[in-house]
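Note: the block below is protein_13.tsv and it holds TSV, C-alpha atoms.
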chain	number	residue	atom	x	y	z
B	6	MET	CA	33.34	11.16	10.41
B	7	THR	CA	31.39	13.05	7.76
B	8	ARG	CA	29.60	10.95	5.16
B	9	ASN	CA	29.16	12.35	1.67
B	10	ILE	CA	25.88	11.79	-0.16
B	11	VAL	CA	25.59	12.92	-3.79
B	12	VAL	CA	22.09	13.51	-5.18
B	13	VAL	CA	21.84	13.35	-8.97
B	14	THR	CA	18.60	14.81	-10.29
B	15	ALA	CA	17.54	14.96	-13.93
B	16	GLY	CA	14.60	17.35	-13.70
B	17	LEU	CA	14.22	19.60	-16.72
B	18	THR	CA	12.27	22.54	-15.33
B	19	VAL	CA	12.50	25.01	-12.45
B	20	PRO	CA	10.79	24.16	-10.20
B	21	SER	CA	10.51	20.45	-10.93
B	22	SER	CA	8.78	17.55	-9.22
B	23	THR	CA	11.98	15.54	-9.72
B	24	ARG	CA	14.00	18.05	-7.69
B	25	LEU	CA	11.22	18.21	-5.10
B	26	LEU	CA	11.41	14.44	-4.61
B	27	ALA	CA	15.21	14.60	-4.54
B	28	ASP	CA	15.07	17.25	-1.80
B	29	GLN	CA	12.71	15.15	0.31
B	30	ILE	CA	14.88	12.05	-0.03
B	31	ALA	CA	18.05	14.02	0.75
B	32	GLU	CA	16.46	15.49	3.88
B	33	ALA	CA	15.25	12.08	5.06
B	34	THR	CA	18.63	10.47	4.40
B	35	SER	CA	20.45	13.22	6.28
B	36	ALA	CA	18.10	12.72	9.23
B	37	GLN	CA	18.71	8.96	9.21
B	38	VAL	CA	22.50	9.35	9.10
B	39	THR	CA	22.62	11.94	11.88
B	40	ALA	CA	20.24	9.85	14.00
B	41	ARG	CA	22.92	7.14	13.88
B	42	GLY	CA	25.51	9.53	15.30
B	43	GLU	CA	27.32	10.55	12.12
B	44	SER	CA	27.50	13.86	10.28
B	45	VAL	CA	26.59	14.11	6.61
B	46	ASP	CA	27.34	16.40	3.69
B	47	VAL	CA	24.79	16.39	0.84
B	48	GLU	CA	25.77	17.62	-2.63
B	49	PHE	CA	23.37	18.06	-5.54
B	50	VAL	CA	24.13	17.49	-9.21
B	51	GLU	CA	21.57	19.16	-11.49
B	52	LEU	CA	21.98	17.46	-14.84
B	53	ARG	CA	19.93	20.14	-16.58
B	54	GLU	CA	22.84	22.51	-15.99
B	55	VAL	CA	25.32	20.30	-17.87
B	56	ALA	CA	23.05	19.01	-20.63
B	57	SER	CA	24.99	20.63	-23.46
B	58	GLU	CA	28.32	19.41	-22.06
B	59	LEU	CA	26.98	15.86	-21.80
B	60	ALA	CA	25.86	16.05	-25.43
B	61	THR	CA	29.32	17.26	-26.41
B	62	PHE	CA	30.90	14.41	-24.46
B	63	MET	CA	28.75	11.86	-26.29
B	64	THR	CA	29.50	13.30	-29.74
B	65	THR	CA	33.25	13.85	-29.38
B	66	GLY	CA	34.36	10.32	-28.61
B	67	GLY	CA	34.01	10.62	-24.85
B	68	ILE	CA	36.27	13.61	-24.21
B	69	PRO	CA	35.03	15.18	-20.94
B	70	THR	CA	34.89	18.90	-20.30
B	71	PRO	CA	36.48	20.11	-17.04
B	72	ARG	CA	33.07	20.30	-15.38
B	73	ILE	CA	32.11	16.78	-16.46
B	74	THR	CA	35.46	15.58	-15.12
B	75	ARG	CA	34.70	17.20	-11.75
B	76	LEU	CA	31.26	15.61	-11.62
B	77	ARG	CA	32.69	12.19	-12.44
B	78	GLU	CA	35.17	12.56	-9.59
B	79	GLN	CA	32.45	13.84	-7.26
B	80	VAL	CA	30.22	10.83	-7.87
B	81	ALA	CA	33.11	8.36	-7.66
B	82	ALA	CA	34.11	9.77	-4.26
B	83	ALA	CA	30.58	9.64	-2.78
B	84	ASP	CA	29.77	7.38	0.16
B	85	GLY	CA	26.25	7.06	-1.19
B	86	LEU	CA	24.21	8.17	-4.18
B	87	VAL	CA	20.60	9.21	-4.68
B	88	ALA	CA	19.57	9.06	-8.36
B	89	VAL	CA	16.27	10.67	-9.37
B	90	THR	CA	14.85	10.90	-12.89
B	91	PRO	CA	11.63	11.95	-14.57
B	92	VAL	CA	10.02	9.19	-16.65
B	93	PHE	CA	9.53	9.52	-20.40
B	94	ASN	CA	8.01	6.69	-22.45
B	95	ALA	CA	8.30	4.24	-19.55
B	96	ALA	CA	12.05	4.78	-19.04
B	97	TYR	CA	14.53	7.16	-17.44
B	98	SER	CA	15.25	10.34	-19.35
B	99	GLY	CA	17.93	10.56	-22.04
B	100	LEU	CA	19.72	13.19	-19.97
B	101	PHE	CA	19.84	10.84	-17.00
B	102	LYS	CA	21.24	8.02	-19.16
B	103	MET	CA	23.85	10.27	-20.78
B	104	PHE	CA	25.25	11.22	-17.41
B	105	PHE	CA	25.69	7.65	-16.22
B	106	ASP	CA	27.14	6.72	-19.61
B	107	ALA	CA	29.72	9.46	-19.03
B	108	LEU	CA	30.95	8.08	-15.70
B	109	ASP	CA	34.08	6.05	-15.30
B	110	PRO	CA	33.08	2.37	-15.76
B	111	ASP	CA	34.24	1.57	-12.22
B	112	GLY	CA	33.08	4.83	-10.66
B	113	LEU	CA	30.06	3.34	-8.86
B	114	THR	CA	31.41	-0.09	-7.98
B	115	GLY	CA	30.17	-0.96	-4.48
B	116	THR	CA	28.48	2.42	-3.95
B	117	PRO	CA	25.11	2.29	-2.15
B	118	VAL	CA	22.45	3.82	-4.41
B	119	LEU	CA	18.85	4.84	-3.77
B	120	ILE	CA	16.82	5.01	-6.99
B	121	ALA	CA	13.79	7.25	-7.43
B	122	ALA	CA	11.58	8.50	-10.25
B	123	THR	CA	8.69	10.87	-10.93
B	124	ALA	CA	5.93	10.68	-13.52
B	125	GLY	CA	2.46	11.98	-14.26
B	126	THR	CA	0.73	8.69	-13.45
B	127	ALA	CA	1.39	5.50	-11.52
B	128	ARG	CA	1.45	3.56	-14.83
B	129	HIS	CA	5.18	4.29	-15.00
B	130	SER	CA	6.11	2.89	-11.57
B	131	LEU	CA	7.76	-0.23	-13.02
B	132	VAL	CA	10.58	1.99	-14.30
B	133	LEU	CA	12.35	1.46	-10.98
B	134	ASP	CA	12.73	-2.30	-11.34
B	135	HIS	CA	12.65	-2.67	-15.13
B	136	ALA	CA	15.00	0.15	-16.10
B	137	MET	CA	16.84	1.81	-13.21
B	138	ARG	CA	17.75	-1.22	-11.11
B	139	PRO	CA	19.31	-3.09	-14.08
B	140	LEU	CA	21.30	0.02	-15.03
B	141	PHE	CA	22.92	0.32	-11.61
B	142	ALA	CA	23.40	-3.42	-11.31
B	143	TYR	CA	25.40	-3.24	-14.55
B	144	LEU	CA	27.49	-0.44	-13.02
B	145	ARG	CA	28.11	-2.74	-10.02
B	146	ALA	CA	26.49	-0.34	-7.58
B	147	VAL	CA	24.60	-1.69	-4.55
B	148	VAL	CA	20.98	-0.62	-4.95
B	149	VAL	CA	18.99	-0.48	-1.70
B	150	PRO	CA	15.85	-2.64	-1.68
B	151	THR	CA	13.28	0.17	-1.57
B	152	GLY	CA	12.95	2.46	-4.58
B	153	VAL	CA	10.81	5.60	-4.48
B	154	PHE	CA	8.32	6.35	-7.23
B	155	ALA	CA	6.12	9.44	-7.09
B	156	ALA	CA	3.23	10.17	-9.42
B	157	THR	CA	1.79	13.67	-9.37
B	158	GLU	CA	-0.99	12.72	-6.95
B	159	ASP	CA	1.48	11.09	-4.52
B	160	PHE	CA	3.09	14.31	-3.33
B	161	GLY	CA	1.93	15.15	0.15
B	162	SER	CA	0.60	11.65	0.82
B	163	HIS	CA	1.56	9.53	3.80
B	164	GLY	CA	2.35	6.63	1.49
B	165	LEU	CA	5.08	8.57	-0.29
B	166	SER	CA	6.47	9.86	2.99
B	167	ASP	CA	6.65	6.33	4.37
B	168	ARG	CA	8.46	5.03	1.28
B	169	ILE	CA	10.96	7.88	1.44
B	170	THR	CA	11.65	7.20	5.12
B	171	ARG	CA	12.12	3.47	4.54
B	172	ALA	CA	14.41	3.96	1.53
B	173	ALA	CA	16.42	6.66	3.33
B	174	SER	CA	16.88	4.36	6.31
B	175	GLU	CA	18.20	1.61	4.02
B	176	LEU	CA	20.61	3.99	2.30
B	177	ALA	CA	21.87	5.39	5.60
B	178	ALA	CA	22.47	1.89	6.96
B	179	ALA	CA	24.33	0.87	3.80
B	180	VAL	CA	26.48	4.01	3.82
B	181	LEU	CA	27.42	3.68	7.48
B	182	SER	CA	28.20	-0.03	7.26
B	183	GLN	CA	30.55	0.21	4.29
B	184	GLY	CA	33.72	-1.69	4.98
B	185	ASP	CA	32.18	-3.84	7.71
B	186	TYR	CA	31.16	-6.56	5.28
B	187	GLY	CA	33.03	-5.70	2.10
B	188	VAL	CA	31.55	-4.08	-0.98
B	189	GLY	CA	28.30	-2.29	-0.27
B	190	GLY	CA	28.28	-3.04	3.44
B	191	PHE	CA	25.53	-5.65	3.24
B	192	ALA	CA	25.68	-8.99	5.00
B	193	PRO	CA	23.02	-11.66	5.16
B	194	ASP	CA	21.44	-12.12	8.57
B	195	LEU	CA	21.26	-15.89	8.59
B	196	ALA	CA	19.66	-15.95	12.02
B	197	ALA	CA	16.74	-13.94	10.66
B	198	ARG	CA	16.00	-16.38	7.84
B	199	PRO	CA	12.82	-18.38	8.45
B	200	ARG	CA	13.32	-22.07	9.05
B	201	ARG	CA	10.92	-24.46	7.33
B	202	THR	CA	9.21	-26.35	10.13
B	203	SER	CA	6.52	-28.16	8.18
B	204	GLY	CA	5.71	-29.33	4.71
B	205	THR	CA	7.46	-31.88	2.54
B	206	GLN	CA	10.28	-33.68	4.28
B	207	VAL	CA	13.20	-35.05	2.24
B	208	GLU	CA	14.19	-38.61	3.02
B	209	SER	CA	17.74	-39.01	4.28
B	210	ASP	CA	18.28	-41.99	1.98
B	211	VAL	CA	17.58	-40.89	-1.58
B	212	THR	CA	17.51	-43.48	-4.37
B	213	PRO	CA	20.06	-42.52	-7.06
B	214	PHE	CA	18.48	-41.47	-10.34
B	215	GLY	CA	20.48	-44.16	-12.19
B	216	ASP	CA	18.86	-46.85	-10.05
B	217	LEU	CA	15.43	-45.53	-10.88
B	218	LEU	CA	16.19	-45.84	-14.59
B	219	ARG	CA	17.76	-49.30	-14.37
B	220	GLY	CA	15.73	-51.83	-16.34
B	221	HIS	CA	13.68	-49.13	-18.05
B	222	SER	CA	13.11	-49.90	-21.72
B	223	GLY	CA	13.37	-46.31	-22.82
B	224	THR	CA	9.87	-46.25	-24.28
B	225	ASP	CA	6.86	-44.40	-22.95
The structure in this file should be written as structure tokens.
Amino acid sequence: MTRNIVVVTAGLTVPSSTRLLADQIAEATSAQVTARGESVDVEFVELREVASELATFMTTGGIPTPRITRLREQVAAADGLVAVTPVFNAAYSGLFKMFFDALDPDGLTGTPVLIAATAGTARHSLVLDHAMRPLFAYLRAVVVPTGVFAATEDFGSHGLSDRITRAASELAAAVLSQGDYGVGGFAPDLAARPRRTSGTQVESDVTPFGDLLRGHSGTD
């Protein structure tokens, strides 16, 4: 069975660090899926190429052009999504936001998503958890635990490579397990949860709160 991964990238220039990061994540995800015995088809969506059509969509009451319609259908049909944006003023780009505003409201429900962002400095790294993760939670997507942030100096570092590999592994596992455990393919591993073996012990016989208050005058 061939799994379909759609990579949405909002880089504005050619070449762009955003597309470079998207390429590295796509390659790592493909490797993780194939290592698990499945084939994969990766499709890229360059938002820069549809910027004017997205602006038209937003200013005409949400009437999609034929190309926007195709992209909406492409994303909705994906087994997994990689979403990569440059960071401007501590948030995802306006182009990135316009595209996800243009999707069908239910188009990403249950879809595994890997979020990633690029910026000039590490000061913007909180964009993953403070902006992108809430956006996809609202769209009812299933965001994998590891996000990938890359500042300019991160490219070529082992740290970035390790984060990409970990995030790609999580996305591949989520994509391949869809349907096994319902929406998103995630299931809690209760056996792996640590058991508390020491510390405060709760008495089996707990005095009801009402009994504790009985006879109290109500004054401090």
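The spacing separating atom CA of B:Leu100 from atom CA of B:Ser162 amounts to 28.3 Å.
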Report as an mmCIF file with C-alpha atoms, in the coordinates of the input all protein, DNA and RNA residues lying within 10 Å of stretch 21-32 of chain B, evaluated on all atoms listed in the file, omitting residues in the same chain fewer than 2 positions from it.
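Once written, selection-v7.cif looks like this:
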data_model
loop_
_atom_site.group_PDB
_atom_site.id
_atom_site.type_symbol
_atom_site.label_atom_id
_atom_site.label_comp_id
_atom_site.auth_asym_id
_atom_site.auth_seq_id
_atom_site.Cartn_x
_atom_site.Cartn_y
_atom_site.Cartn_z
ATOM 1 C CA ILE B 10 25.880 11.790 -0.160
ATOM 2 C CA VAL B 11 25.590 12.920 -3.790
ATOM 3 C CA VAL B 12 22.090 13.510 -5.180
ATOM 4 C CA VAL B 13 21.840 13.350 -8.970
ATOM 5 C CA THR B 14 18.600 14.810 -10.290
ATOM 6 C CA ALA B 15 17.540 14.960 -13.930
ATOM 7 C CA GLY B 16 14.600 17.350 -13.700
ATOM 8 C CA LEU B 17 14.220 19.600 -16.720
ATOM 9 C CA THR B 18 12.270 22.540 -15.330
ATOM 10 C CA VAL B 19 12.500 25.010 -12.450
ATOM 11 C CA THR B 34 18.630 10.470 4.400
ATOM 12 C CA SER B 35 20.450 13.220 6.280
ATOM 13 C CA ALA B 36 18.100 12.720 9.230
ATOM 14 C CA GLN B 37 18.710 8.960 9.210
ATOM 15 C CA VAL B 47 24.790 16.390 0.840
ATOM 16 C CA GLU B 48 25.770 17.620 -2.630
ATOM 17 C CA PHE B 49 23.370 18.060 -5.540
ATOM 18 C CA GLU B 51 21.570 19.160 -11.490
ATOM 19 C CA LEU B 86 24.210 8.170 -4.180
ATOM 20 C CA VAL B 87 20.600 9.210 -4.680
ATOM 21 C CA ALA B 88 19.570 9.060 -8.360
ATOM 22 C CA VAL B 89 16.270 10.670 -9.370
ATOM 23 C CA THR B 90 14.850 10.900 -12.890
ATOM 24 C CA PRO B 91 11.630 11.950 -14.570
ATOM 25 C CA VAL B 92 10.020 9.190 -16.650
ATOM 26 C CA LEU B 119 18.850 4.840 -3.770
ATOM 27 C CA ALA B 121 13.790 7.250 -7.430
ATOM 28 C CA ALA B 122 11.580 8.500 -10.250
ATOM 29 C CA THR B 123 8.690 10.870 -10.930
ATOM 30 C CA ALA B 124 5.930 10.680 -13.520
ATOM 31 C CA GLY B 125 2.460 11.980 -14.260
ATOM 32 C CA VAL B 153 10.810 5.600 -4.480
ATOM 33 C CA PHE B 154 8.320 6.350 -7.230
ATOM 34 C CA ALA B 155 6.120 9.440 -7.090
ATOM 35 C CA ALA B 156 3.230 10.170 -9.420
ATOM 36 C CA THR B 157 1.790 13.670 -9.370
ATOM 37 C CA PHE B 160 3.090 14.310 -3.330
ATOM 38 C CA LEU B 165 5.080 8.570 -0.290
ATOM 39 C CA SER B 166 6.470 9.860 2.990
ATOM 40 C CA ARG B 168 8.460 5.030 1.280
ATOM 41 C CA ILE B 169 10.960 7.880 1.440
ATOM 42 C CA THR B 170 11.650 7.200 5.120
ATOM 43 C CA ALA B 172 14.410 3.960 1.530
ATOM 44 C CA ALA B 173 16.420 6.660 3.330
#
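Shortest separation to B:Met63 among B:Leu131, B:Met103, B:Val38, B:Leu144 occurs at residue B:Met103, atoms counted being all atoms listed in the file.
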For B:Val149, which residue among B:Ala96, B:Pro110, B:Ala177, B:Arg72 is the nearest when counting only C-alpha atoms?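 Counting only C-alpha atoms, the residue closest to B:Val149 is B:Ala177.
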Interatomic distance, atom CA of B:Phe141 to atom CA of B:His129 (Å, one decimal):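 One can read the atom CA of B:Phe141 to atom CA of B:His129 distance as 18.5 Å.
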Computed interatomic separation between atom CA of B:Asp111 and atom CA of B:Leu59 (Å):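 Taking atom CA of B:Asp111 and atom CA of B:Leu59, their separation equals 18.7 Å.
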Please list, as a PyMOL selection string, the residues that have an atom at most 12 Å away from (21.4, 0.3, 7.3) in the coordinates of this file, counting all atoms listed in the file. chain B and resi 34+37-38+40-41+85+117+149-150+171-183+185+189-192
